[in-house]
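Take a look at the structure below.
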Amino acid sequence: MRQTAKPGIRVRVDPCNPGQFFACCGLLELADRLWEGAEGWFEGGAFHVLTAGGVCELLHALVGQPASEVTRLDNGVTVKPLIAPLRLSLPNGASITLDTWMTLRIEKGKVATSANPPWNFWSGQQTSLRIWAALTTALQTQMEELDEGSFEALFGQRIPLSGRFGFDPGAAWNALDVGFSPDAQHIRVATSPATELLAAVGLQRFRPMLSDDRASFAYATWGQPLLPSVAAAAASSLVVVPPASVFRGRVLRRGSYAALGYSMPLPLERNN
């Protein structure tokens with residue numbers, strides 16, 4: 001543990017916003033893929049990452065190359081574009097495949113793919129690749145307009161968009177809370193592209209504890225520098241790395257549309 005070292009990345013975070021929490025996990029995951037040995041932790045209303053690079057360089061690596069759509073798995077099983085995994089290529093030659101929203105099941109004696117609730121929030125004409133492409137374009141534009149001092153408040157930088165994964169409650173899903181979907185009404189709503197993209201990366205390794213009905217989940221912050229492999233266990237709330245806080249997240253649904261809502265803090269003893 002190198003708690004006295006200066007962090008390479010620091011971003012402000014509201015841990016009651018599950019999108020921002022998972023985006024922090026995505027920051028740590030990407031930092032470790034780009035600069036091996038990255039460690040991250042929550043402290044003082046911010047997420048810190050000890051790493052060789054900075055947040056601006058990390059974001060450029062995230063959006064620098066278009067994602068590729070995986071419509072056929074290595075085992076030959078086909079996947080509908082709606083829930084197709086995405087493969088990201090990083091500047092150092094590494095790659096990440098994102099498929100949290102897809103799962104395998106047996107259908108009529110054969111292996112098939114299907115949506116993986118609760119992480120498949122979109123439907124209709126949206127696909128995983130279309131959403132990712134729109135968000136990366138938005139983030140690229142946003143980065144050109146932000147000055148260096150703005151990146152600490154990255155997750156709070158929102159712009160009007162008509163498509164998203166649904167990880168960040170923010171201002172975007174107030175409409176869903178009161179009974180209608182902004183996507184169904186073709187409404188552009190305030191969205192944090194950085195939160196949405198990084199949360200998709202974070203959820204690939206950092207999986208919360210899901211309830212039996214998959215309508216809620218538990219996750220936890222951790223207060224000491226951890227590698228991603230260890231931090232993933234702390235994030236799931238299976239182990240507590242103090243100082244820590246545990247949260248109960250929820251999934252909001254209106255017909256075929258869904259998104260994450262804001263989370264509630266839980267007493268630590270309820271998860272020991």
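All residue names refer to the structure tokens as shown: chains lettered A, B, ... in order, residues numbered from 1 in each chain, ligands numbered from 1 in order.
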DSSP on the backbone: which residues in stretch 68-268 of chain A end up as strand (DSSP E or B)? Give the answer as a PyMOL selection string. chain A and resi 68-69+72+78+86-89+95-98+102-107+110-115+159-161+189-191+209-210+216-220+226+246-254+257-260+264-266
Put those residues in a file: N, CA and C atoms, as a compact mmCIF listing (two decimals), in the first residue's frame.
```txt
# COMPACT_ATOMS: atom_id res chain seq x y z
N SER A 68 -15.59 -2.32 -31.62
CA SER A 68 -16.10 -3.26 -32.63
C SER A 68 -17.19 -4.12 -32.01
N GLU A 69 -18.19 -4.41 -32.82
CA GLU A 69 -19.35 -5.18 -32.39
C GLU A 69 -19.07 -6.68 -32.58
N ARG A 72 -20.71 -12.69 -33.27
CA ARG A 72 -20.51 -14.14 -33.24
C ARG A 72 -19.43 -14.45 -32.21
N THR A 78 -24.29 -16.98 -32.33
CA THR A 78 -24.55 -15.63 -32.82
C THR A 78 -25.22 -14.78 -31.74
N LEU A 86 -19.02 -5.64 -26.93
CA LEU A 86 -18.18 -4.65 -27.59
C LEU A 86 -16.72 -4.92 -27.26
N ARG A 87 -15.86 -4.82 -28.25
CA ARG A 87 -14.43 -5.02 -28.03
C ARG A 87 -13.72 -3.69 -28.19
N LEU A 88 -13.00 -3.28 -27.15
CA LEU A 88 -12.28 -2.02 -27.15
C LEU A 88 -10.79 -2.29 -27.32
N SER A 89 -10.14 -1.52 -28.18
CA SER A 89 -8.70 -1.62 -28.40
C SER A 89 -8.02 -0.43 -27.74
N SER A 95 -6.74 -5.14 -25.07
CA SER A 95 -8.14 -4.99 -25.47
C SER A 95 -9.03 -5.41 -24.31
N ILE A 96 -10.25 -4.91 -24.33
CA ILE A 96 -11.26 -5.24 -23.32
C ILE A 96 -12.54 -5.59 -24.06
N THR A 97 -13.17 -6.68 -23.67
CA THR A 97 -14.48 -7.04 -24.20
C THR A 97 -15.54 -6.77 -23.15
N LEU A 98 -16.55 -6.00 -23.52
CA LEU A 98 -17.63 -5.64 -22.61
C LEU A 98 -18.88 -6.43 -22.98
N MET A 102 -25.13 -9.14 -21.63
CA MET A 102 -25.46 -10.37 -22.34
C MET A 102 -25.11 -11.59 -21.50
N THR A 103 -25.90 -12.67 -21.66
CA THR A 103 -25.59 -13.92 -20.98
C THR A 103 -25.89 -15.09 -21.91
N LEU A 104 -25.40 -16.27 -21.55
CA LEU A 104 -25.66 -17.49 -22.31
C LEU A 104 -26.69 -18.33 -21.58
N ARG A 105 -27.55 -19.02 -22.34
CA ARG A 105 -28.53 -19.91 -21.75
C ARG A 105 -28.79 -21.07 -22.70
N ILE A 106 -29.44 -22.09 -22.19
CA ILE A 106 -29.80 -23.24 -23.01
C ILE A 106 -31.23 -23.05 -23.50
N GLU A 107 -31.42 -23.10 -24.82
CA GLU A 107 -32.73 -22.94 -25.43
C GLU A 107 -32.97 -24.08 -26.41
N LYS A 110 -29.92 -26.10 -27.07
CA LYS A 110 -28.78 -25.47 -27.70
C LYS A 110 -28.37 -24.22 -26.91
N VAL A 111 -27.09 -23.88 -27.00
CA VAL A 111 -26.60 -22.67 -26.35
C VAL A 111 -27.05 -21.45 -27.15
N ALA A 112 -27.61 -20.49 -26.46
CA ALA A 112 -28.07 -19.26 -27.10
C ALA A 112 -27.72 -18.07 -26.21
N THR A 113 -27.76 -16.89 -26.79
CA THR A 113 -27.51 -15.67 -26.02
C THR A 113 -28.82 -14.99 -25.68
N SER A 114 -28.82 -14.25 -24.58
CA SER A 114 -30.00 -13.48 -24.20
C SER A 114 -29.56 -12.28 -23.38
N ALA A 115 -30.49 -11.38 -23.15
CA ALA A 115 -30.21 -10.21 -22.33
C ALA A 115 -29.93 -10.65 -20.89
N ILE A 159 -24.33 16.70 -20.79
CA ILE A 159 -24.77 17.35 -22.01
C ILE A 159 -26.04 16.64 -22.50
N PRO A 160 -26.91 17.32 -23.28
CA PRO A 160 -28.15 16.69 -23.76
C PRO A 160 -27.87 15.59 -24.77
N LEU A 161 -28.38 14.38 -24.49
CA LEU A 161 -28.23 13.24 -25.39
C LEU A 161 -29.53 12.46 -25.42
N VAL A 189 -31.90 14.34 -23.01
CA VAL A 189 -31.81 14.66 -21.59
C VAL A 189 -30.35 14.75 -21.17
N ALA A 190 -30.11 15.45 -20.07
CA ALA A 190 -28.75 15.69 -19.59
C ALA A 190 -28.09 14.37 -19.18
N THR A 191 -26.95 14.08 -19.79
CA THR A 191 -26.27 12.80 -19.59
C THR A 191 -24.77 13.05 -19.42
N MET A 209 -23.51 -7.29 -5.54
CA MET A 209 -24.31 -8.42 -5.08
C MET A 209 -25.76 -8.16 -5.47
N LEU A 210 -26.31 -8.99 -6.35
CA LEU A 210 -27.68 -8.81 -6.82
C LEU A 210 -28.68 -9.49 -5.89
N SER A 216 -32.54 -5.07 -7.22
CA SER A 216 -31.69 -4.24 -6.38
C SER A 216 -30.33 -4.94 -6.22
N PHE A 217 -29.38 -4.21 -5.69
CA PHE A 217 -28.02 -4.75 -5.57
C PHE A 217 -27.27 -3.98 -4.49
N ALA A 218 -26.23 -4.60 -3.95
CA ALA A 218 -25.41 -3.97 -2.91
C ALA A 218 -23.99 -3.78 -3.44
N TYR A 219 -23.41 -2.65 -3.11
CA TYR A 219 -22.01 -2.39 -3.45
C TYR A 219 -21.39 -1.56 -2.34
N ALA A 220 -20.06 -1.49 -2.31
CA ALA A 220 -19.38 -0.81 -1.22
C ALA A 220 -18.16 -0.06 -1.71
N LEU A 226 -6.13 -0.27 -3.49
CA LEU A 226 -6.23 -1.67 -3.85
C LEU A 226 -6.05 -1.84 -5.36
N VAL A 246 -21.47 1.06 2.58
CA VAL A 246 -22.22 0.10 1.77
C VAL A 246 -23.52 0.75 1.31
N PHE A 247 -23.94 0.43 0.08
CA PHE A 247 -25.11 1.06 -0.52
C PHE A 247 -26.01 0.00 -1.14
N ARG A 248 -27.31 0.30 -1.14
CA ARG A 248 -28.29 -0.53 -1.82
C ARG A 248 -28.77 0.21 -3.06
N GLY A 249 -28.47 -0.32 -4.24
CA GLY A 249 -28.91 0.28 -5.49
C GLY A 249 -30.23 -0.30 -5.93
N ARG A 250 -30.91 0.38 -6.83
CA ARG A 250 -32.21 -0.09 -7.30
C ARG A 250 -32.34 0.13 -8.81
N VAL A 251 -33.18 -0.69 -9.41
CA VAL A 251 -33.45 -0.59 -10.84
C VAL A 251 -34.84 -0.01 -11.03
N LEU A 252 -34.95 1.06 -11.79
CA LEU A 252 -36.24 1.67 -12.11
C LEU A 252 -36.73 1.13 -13.44
N ARG A 253 -38.00 0.72 -13.51
CA ARG A 253 -38.54 0.17 -14.75
C ARG A 253 -39.87 0.84 -15.09
N ARG A 254 -40.03 1.15 -16.37
CA ARG A 254 -41.30 1.64 -16.91
C ARG A 254 -41.53 0.90 -18.23
N TYR A 257 -38.53 -0.08 -20.67
CA TYR A 257 -37.40 0.79 -20.41
C TYR A 257 -37.00 0.68 -18.94
N ALA A 258 -35.70 0.84 -18.69
CA ALA A 258 -35.20 0.74 -17.33
C ALA A 258 -33.94 1.59 -17.20
N ALA A 259 -33.53 1.82 -15.96
CA ALA A 259 -32.29 2.54 -15.65
C ALA A 259 -32.02 2.34 -14.17
N LEU A 260 -30.85 2.74 -13.75
CA LEU A 260 -30.52 2.71 -12.33
C LEU A 260 -31.03 3.97 -11.65
N MET A 264 -29.22 3.97 -1.63
CA MET A 264 -29.35 4.33 -0.22
C MET A 264 -28.21 3.72 0.58
N PRO A 265 -27.61 4.50 1.50
CA PRO A 265 -26.57 3.93 2.36
C PRO A 265 -27.16 2.87 3.29
N LEU A 266 -26.39 1.84 3.59
CA LEU A 266 -26.81 0.78 4.50
C LEU A 266 -25.83 0.68 5.66
```
Name all residues at most 8 Å from A:Val55 (count only C-alpha atoms; drop same-chain ones fewer than 4 positions away) and give them as a list in words.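 Once the nearby chain positions are removed, what remains is Gly8, Ile9, Arg10, Leu59 and Phe151 of chain A.
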Please produce, as a tab-separated table, a per-residue contact table for stretch 40-97 of chain A versus stretch 232-236 of chain A (criterion: any atom at most 12 Å away, only C-alpha atoms considered), showing the nearest atom pair and its distance in Å to one decimal, sorted by chain then residue number.
```
residue	atom	partner	partner_atom	distance
A:Gly40	CA	A:Ala232	CA	10.9
A:Trp41	CA	A:Ala234	CA	10.4
A:Phe42	CA	A:Ala235	CA	11.0
```
Produce a table with one row for each residue of stretch 131-218 of chain A that has an atom at most 8 Å from any atom of stretch 12-20 of chain A, each row naming the nearest atom pair and its distance in Å at one decimal; use only C-alpha atoms; arrange rows by chain and rising residue number; format as a Markdown table.
```
| residue | atom | partner | partner_atom | distance |
| --- | --- | --- | --- | --- |
| A:Glu152 | CA | A:Arg12 | CA | 5.9 |
| A:Ala153 | CA | A:Arg12 | CA | 5.6 |
| A:Leu154 | CA | A:Arg12 | CA | 7.6 |
| A:Phe155 | CA | A:Gln20 | CA | 6.6 |
| A:Phe167 | CA | A:Gly19 | CA | 4.6 |
| A:Asp168 | CA | A:Gly19 | CA | 4.2 |
| A:Pro169 | CA | A:Asn17 | CA | 6.7 |
| A:Gly170 | CA | A:Asn17 | CA | 7.5 |
| A:Thr195 | CA | A:Gln20 | CA | 5.8 |
| A:Glu196 | CA | A:Gly19 | CA | 6.8 |
| A:Ala199 | CA | A:Gly19 | CA | 5.8 |
```
Here atom CA of A:Leu268 and atom CA of A:Pro242 stand apart by 10.4 Å
Helix (DSSP H, G or I) residues, from DSSP on the backbone, in stretch 37-233 of chain A, as JSON, numbers by chain: {"A": [55, 56, 57, 58, 59, 60, 61, 62, 63, 81, 82, 83, 128, 129, 130, 131, 132, 133, 134, 135, 136, 137, 138, 139, 140, 141, 142, 143, 144, 145, 148, 149, 150, 151, 152, 153, 154, 155, 156, 174, 175, 176, 177, 178, 193, 194, 195, 196, 197, 198, 199, 200, 201, 202, 228, 229, 230, 231, 232, 233]}
Counting only C-alpha atoms, figure out which residue out of A:Gly166, A:Gly64, A:Gly53, A:Gly26 gets nearest to A:Trp101.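 Checking each candidate against A:Trp101, we get A:Gly166 as the closest.
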One-decimal distance in Å that lies between atom CA of A:Glu148 and atom CA of A:His48: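 Between these atoms lies a distance of 16.7 Å.
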With a distance cut-off of 10 Å and only C-alpha atoms, select the neighbouring residues of A:Ala133, excluding the residue or stretch itself and same-chain residues fewer than 4 positions from it, and output the selection as an mmCIF file with C-alpha atoms, in the first residue's frame.
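As written to disk, selection_36.cif reads:
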```cif
data_model
loop_
_atom_site.group_PDB
_atom_site.id
_atom_site.type_symbol
_atom_site.label_atom_id
_atom_site.label_comp_id
_atom_site.auth_asym_id
_atom_site.auth_seq_id
_atom_site.Cartn_x
_atom_site.Cartn_y
_atom_site.Cartn_z
ATOM 1 C CA VAL A 63 -12.393 6.865 -27.025
ATOM 2 C CA PRO A 66 -13.981 2.858 -32.380
ATOM 3 C CA ALA A 67 -15.388 -0.154 -30.559
ATOM 4 C CA SER A 68 -16.095 -3.261 -32.628
ATOM 5 C CA THR A 127 -27.962 -1.280 -29.827
ATOM 6 C CA SER A 128 -24.908 -1.536 -27.603
ATOM 7 C CA LEU A 129 -22.664 -0.290 -30.420
ATOM 8 C CA THR A 137 -18.527 11.117 -29.854
ATOM 9 C CA ALA A 138 -20.135 13.196 -27.100
ATOM 10 C CA LEU A 139 -17.189 12.660 -24.753
ATOM 11 C CA LEU A 197 -18.830 4.778 -20.704
#
```
Judged by only C-alpha atoms, the minimum distance to A:Ala200 among A:Pro85, A:Pro91, A:Pro7, A:Gly76 is found for A:Pro85
Residues within 7 Å of A:Gly202, please, as an mmCIF file with C-alpha atoms, in the first residue's frame. Count only C-alpha atoms; anything in the same chain fewer than 4 positions from it doesn't count.
```cif
data_model
loop_
_atom_site.group_PDB
_atom_site.id
_atom_site.type_symbol
_atom_site.label_atom_id
_atom_site.label_comp_id
_atom_site.auth_asym_id
_atom_site.auth_seq_id
_atom_site.Cartn_x
_atom_site.Cartn_y
_atom_site.Cartn_z
ATOM 1 C CA PHE A 22 -19.043 1.956 -11.318
ATOM 2 C CA ALA A 23 -17.338 4.665 -13.377
ATOM 3 C CA CYS A 25 -14.239 1.159 -10.967
ATOM 4 C CA GLY A 26 -13.847 1.681 -14.710
ATOM 5 C CA GLU A 29 -9.664 -0.954 -14.516
ATOM 6 C CA LEU A 198 -16.617 4.196 -17.679
ATOM 7 C CA PHE A 206 -16.743 -5.032 -10.500
#
```
